[in-house]
$ cat my_file-v9.cif   # mmCIF, C-alpha atoms
data_upload
#
loop_
_atom_site.label_atom_id
_atom_site.label_comp_id
_atom_site.auth_asym_id
_atom_site.auth_seq_id
_atom_site.Cartn_x
_atom_site.Cartn_y
_atom_site.Cartn_z
CA MET A 888 7.24 -11.43 -9.56
CA ALA A 889 6.89 -8.98 -12.41
CA SER A 890 5.31 -10.28 -15.57
CA MET A 891 7.57 -10.67 -18.61
CA THR A 892 6.08 -7.52 -20.16
CA ASP A 893 6.43 -5.55 -16.90
CA SER A 894 9.97 -6.80 -16.46
CA ARG A 895 10.92 -5.82 -20.01
CA ALA A 896 9.32 -2.40 -19.59
CA LEU A 897 11.18 -1.90 -16.30
CA MET A 898 14.49 -2.81 -17.95
CA HIS A 899 13.88 -0.42 -20.85
CA GLN A 900 12.92 2.33 -18.44
CA ALA A 901 16.09 1.68 -16.39
CA GLU A 902 18.25 1.83 -19.52
CA ARG A 903 16.68 5.15 -20.58
CA GLN A 904 17.02 6.61 -17.09
CA CYS A 905 20.71 5.64 -16.83
CA ARG A 906 21.44 6.99 -20.31
CA ARG A 907 19.66 10.26 -19.46
CA ARG A 908 21.67 10.59 -16.23
CA GLY A 909 24.94 9.69 -17.94
CA VAL A 910 25.66 6.66 -15.72
CA ARG A 911 26.85 3.25 -16.87
CA PHE A 912 24.23 0.49 -16.78
CA THR A 913 26.72 -2.35 -17.06
CA PRO A 914 25.71 -5.92 -17.95
CA ILE A 915 26.18 -7.02 -14.31
CA ARG A 916 23.97 -4.17 -13.07
CA GLN A 917 21.39 -5.06 -15.72
CA ARG A 918 21.44 -8.73 -14.75
CA VAL A 919 21.10 -7.99 -11.04
CA LEU A 920 18.12 -5.73 -11.74
CA GLN A 921 16.60 -8.36 -14.03
CA MET A 922 16.95 -11.05 -11.33
CA ILE A 923 15.33 -8.81 -8.74
CA ALA A 924 12.54 -7.79 -11.13
CA ASP A 925 11.83 -11.43 -12.00
CA THR A 926 11.46 -12.44 -8.34
CA ARG A 927 8.22 -12.09 -6.46
CA GLY A 928 8.85 -10.20 -3.26
CA GLY A 929 12.36 -9.43 -2.11
CA LEU A 930 15.61 -11.11 -3.03
CA LYS A 931 18.52 -11.32 -0.59
CA ALA A 932 22.03 -10.36 -1.65
CA TYR A 933 23.45 -13.85 -1.17
CA ASP A 934 20.60 -15.38 -3.18
CA LEU A 935 21.52 -12.90 -5.91
CA LEU A 936 25.16 -13.93 -5.61
CA ASP A 937 24.28 -17.63 -5.89
CA ARG A 938 22.22 -17.01 -9.01
CA LEU A 939 24.80 -14.70 -10.55
CA ALA A 940 27.64 -17.15 -9.83
CA THR A 941 25.95 -19.76 -12.04
CA GLU A 942 26.28 -17.32 -14.96
CA HIS A 943 29.50 -15.48 -14.04
CA ALA A 944 32.16 -17.56 -12.32
CA ALA A 945 33.94 -14.40 -11.16
CA ALA A 946 30.90 -13.06 -9.26
CA ARG A 947 31.80 -12.22 -5.66
CA PRO A 948 29.96 -10.41 -2.83
CA PRO A 949 31.52 -7.02 -3.64
CA THR A 950 30.28 -7.35 -7.23
CA VAL A 951 26.71 -7.84 -6.05
CA TYR A 952 26.85 -5.17 -3.36
CA ARG A 953 28.31 -2.60 -5.76
CA ALA A 954 25.57 -3.37 -8.28
CA LEU A 955 22.92 -3.09 -5.57
CA GLU A 956 24.34 0.21 -4.33
CA PHE A 957 24.25 1.60 -7.88
CA LEU A 958 20.66 0.39 -8.43
CA ILE A 959 19.53 1.91 -5.13
CA ASP A 960 21.29 5.21 -5.89
CA GLN A 961 19.52 5.34 -9.25
CA GLY A 962 16.13 4.62 -7.63
CA LEU A 963 15.75 1.35 -9.53
CA VAL A 964 15.77 -0.91 -6.45
CA HIS A 965 14.67 -0.53 -2.84
CA ARG A 966 16.12 -2.29 0.17
CA ILE A 967 13.55 -3.94 2.39
CA GLU A 968 15.18 -3.28 5.74
CA SER A 969 13.11 -5.73 7.77
CA LEU A 970 13.89 -8.63 5.42
CA ASN A 971 17.40 -7.55 4.40
CA ALA A 972 16.26 -8.04 0.82
CA TYR A 973 15.86 -6.01 -2.37
CA VAL A 974 12.89 -5.32 -4.61
CA ALA A 975 12.65 -3.59 -7.99
CA CYS A 976 11.02 -0.17 -7.99
CA PRO A 977 8.00 -0.23 -10.30
CA CYS A 978 8.21 3.52 -10.91
CA PRO A 979 11.82 4.71 -10.72
CA GLU A 980 10.92 8.09 -12.19
CA HIS A 981 9.10 8.93 -8.94
CA ALA A 982 11.60 11.10 -7.11
CA HIS A 983 9.87 11.22 -3.73
CA GLY A 984 9.83 8.88 -0.77
CA PHE A 985 7.92 5.66 -0.73
CA GLN A 986 6.30 3.19 1.60
CA LEU A 987 6.31 -0.62 1.23
CA LEU A 988 3.47 -3.03 1.99
CA ILE A 989 4.94 -6.49 2.64
CA CYS A 990 2.89 -9.68 2.90
CA ARG A 991 4.31 -11.76 5.74
CA ASP A 992 3.06 -14.98 4.14
CA CYS A 993 3.89 -14.86 0.41
CA GLY A 994 6.43 -12.02 0.41
CA ARG A 995 4.49 -9.87 -2.06
CA VAL A 996 5.67 -6.25 -1.95
CA GLU A 997 3.66 -3.24 -3.10
CA GLU A 998 5.04 0.26 -3.25
CA LEU A 999 3.06 3.33 -2.22
CA HIS A 1000 3.81 7.00 -2.78
CA LEU A 1001 2.00 8.90 -0.06
CA ASP A 1002 4.00 12.10 -0.34
CA ASP A 1003 2.03 13.88 2.39
CA ILE A 1004 3.26 11.33 4.95
CA ASN A 1005 6.87 11.91 3.89
CA GLU A 1006 6.41 15.68 4.05
CA GLN A 1007 4.88 15.48 7.53
CA LEU A 1008 7.68 13.27 8.82
CA GLY A 1009 10.33 15.54 7.28
CA ALA A 1010 8.74 18.67 8.72
CA ARG A 1011 8.48 17.15 12.20
CA ALA A 1012 12.09 15.92 12.04
CA ARG A 1013 13.25 19.45 11.10
CA GLU A 1014 11.23 20.91 14.00
CA LEU A 1015 13.15 18.58 16.30
CA GLY A 1016 16.46 19.59 14.75
CA PHE A 1017 16.97 16.27 13.01
CA ALA A 1018 18.31 15.87 9.47
CA VAL A 1019 16.84 12.73 7.90
CA GLN A 1020 19.34 10.91 5.71
CA ARG A 1021 17.29 7.88 4.81
CA GLN A 1022 13.68 6.95 5.44
CA THR A 1023 12.19 3.50 5.30
CA ILE A 1024 8.52 2.89 5.97
CA GLU A 1025 7.50 -0.76 5.83
CA LEU A 1026 4.08 -2.09 6.70
CA LEU A 1027 3.99 -5.83 7.35
CA GLY A 1028 0.69 -7.61 6.97
CA GLN A 1029 -1.25 -10.02 4.82
CA CYS A 1030 -2.30 -9.56 1.19
CA ASP A 1031 -5.85 -10.35 0.05
CA SER A 1032 -4.83 -13.68 -1.50
CA CYS A 1033 -3.09 -14.96 1.61
CA ARG A 1034 -5.88 -13.72 3.87
CA ALA A 1035 -8.49 -15.48 1.69
CA ALA A 1036 -6.43 -18.68 1.69
CA ALA A 1037 -6.12 -18.54 5.49
CA GLU A 1038 -9.86 -17.97 5.88
CA ALA A 1039 -10.62 -20.93 3.59
CA LEU A 1040 -8.81 -23.33 5.93
#

$ encode --input "my_file-v9.cif" --output "structure tokens"
Amino acid sequence: MASMTDSRALMHQAERQCRRRGVRFTPIRQRVLQMIADTRGGLKAYDLLDRLATEHAAARPPTVYRALEFLIDQGLVHRIESLNAYVACPCPEHAHGFQLLICRDCGRVEELHLDDINEQLGARARELGFAVQRQTIELLGQCDSCRAAAEAL
């Protein structure tokens, strides 16, 4: 979970980025991003819907999925494919690919930007005549805290 300061900074950065790009950062989109940013690890779409429905009686699955699609398109949120969940991007200004480290125990997610890996994969795909449309690299493991807790048992 992002700290209150980190979460606020992320929201301000998202507002600036949307304004700069000329796209609407509606209250629903803002709230969905805030909920994701305030959750440690990933948040599933239906968990988002349940939370949003307590605040907005009219919230329906299409509302959440449209907000998520917008946030992904703007680089503000990433989909964790293996968990079918969403996580806030800590550095949405980074325009390149990313990799996710996911703790299998606590759900902590860390984002990496190893651009050379993305470039190598893209180059190899082109050599094979393949046009990459979306790339997801997820590494599942155990964070230091969970590993230490397991070793203490």

$ resolve_selection --input "my_file-v9.cif" --expression "the PyMOL selection byres ((chain A and resi 980) around 12)" --output "PyMOL selection string"
chain A and resi 897+900-901+903-905+907-908+961-964+976-979+981-984+1000

$ residues_around --input "my_file-v9.cif" --residues "A:Asp1002" --least-positions-apart "4" --cutoff "10 Å" --atoms "all atoms listed in the file" --output "ChimeraX atom specification"
/A:983-986,1006-1008

$ residues_around --input "my_file-v9.cif" --residues "A:Ala954" --least-positions-apart "6" --cutoff "12 Å" --atoms "all atoms listed in the file" --output "list in words"
Arg911, Phe912, Thr913, Pro914, Ile915, Arg916, Gln917, Arg918, Val919, Leu920, Gln921, Met922, Ile923, Ala932, Leu935, Leu936, Leu939, Ala946, Arg947, Pro948, Asp960, Gln961, Leu963, Val964 and Tyr973 of chain A

$ atom_distance --input "my_file-v9.cif" --atom1 "atom CA of A:Phe957" --atom2 "atom CA of A:Ser969"
20.6 Å

$ closest_residue --input "my_file-v9.cif" --among "A:Arg1013, A:Arg1034, A:Arg995, A:Arg927" --to "A:Ser894" --atoms "all atoms listed in the file"
A:Arg927

$ atom_distance --input "my_file-v9.cif" --atom1 "atom CA of A:Leu930" --atom2 "atom CA of A:Ala972"
5.0 Å

$ atom_distance --input "my_file-v9.cif" --atom1 "atom CA of A:Gly929" --atom2 "atom CA of A:Ala1039"
26.3 Å

$ axis_aligned_box --input "my_file-v9.cif" --around "stretch 1005-1022 of chain A" --padding-each-side "8 Å" --output "JSON"
{"center_x": 12.1, "center_y": 13.9, "center_z": 10.1, "size_x": 30.5, "size_y": 30.0, "size_z": 28.4}

$ closest_residue --input "my_file-v9.cif" --among "A:Ala975, A:Val910, A:Cys993, A:Leu999" --to "A:Met898" --atoms "all atoms listed in the file"
A:Ala975

$ closest_residue --input "my_file-v9.cif" --among "A:Asp992, A:Asp925, A:Glu998, A:Glu1025" --to "A:Ala1037" --atoms "all atoms listed in the file"
A:Asp992

$ closest_residue --input "my_file-v9.cif" --among "A:Cys990, A:Ala896, A:Glu997, A:Ala944" --to "A:Ser1032" --atoms "all atoms listed in the file"
A:Cys990

$ closest_residue --input "my_file-v9.cif" --among "A:Arg906, A:Arg938, A:Arg991, A:Arg1021" --to "A:Arg966" --atoms "all atoms listed in the file"
A:Arg1021
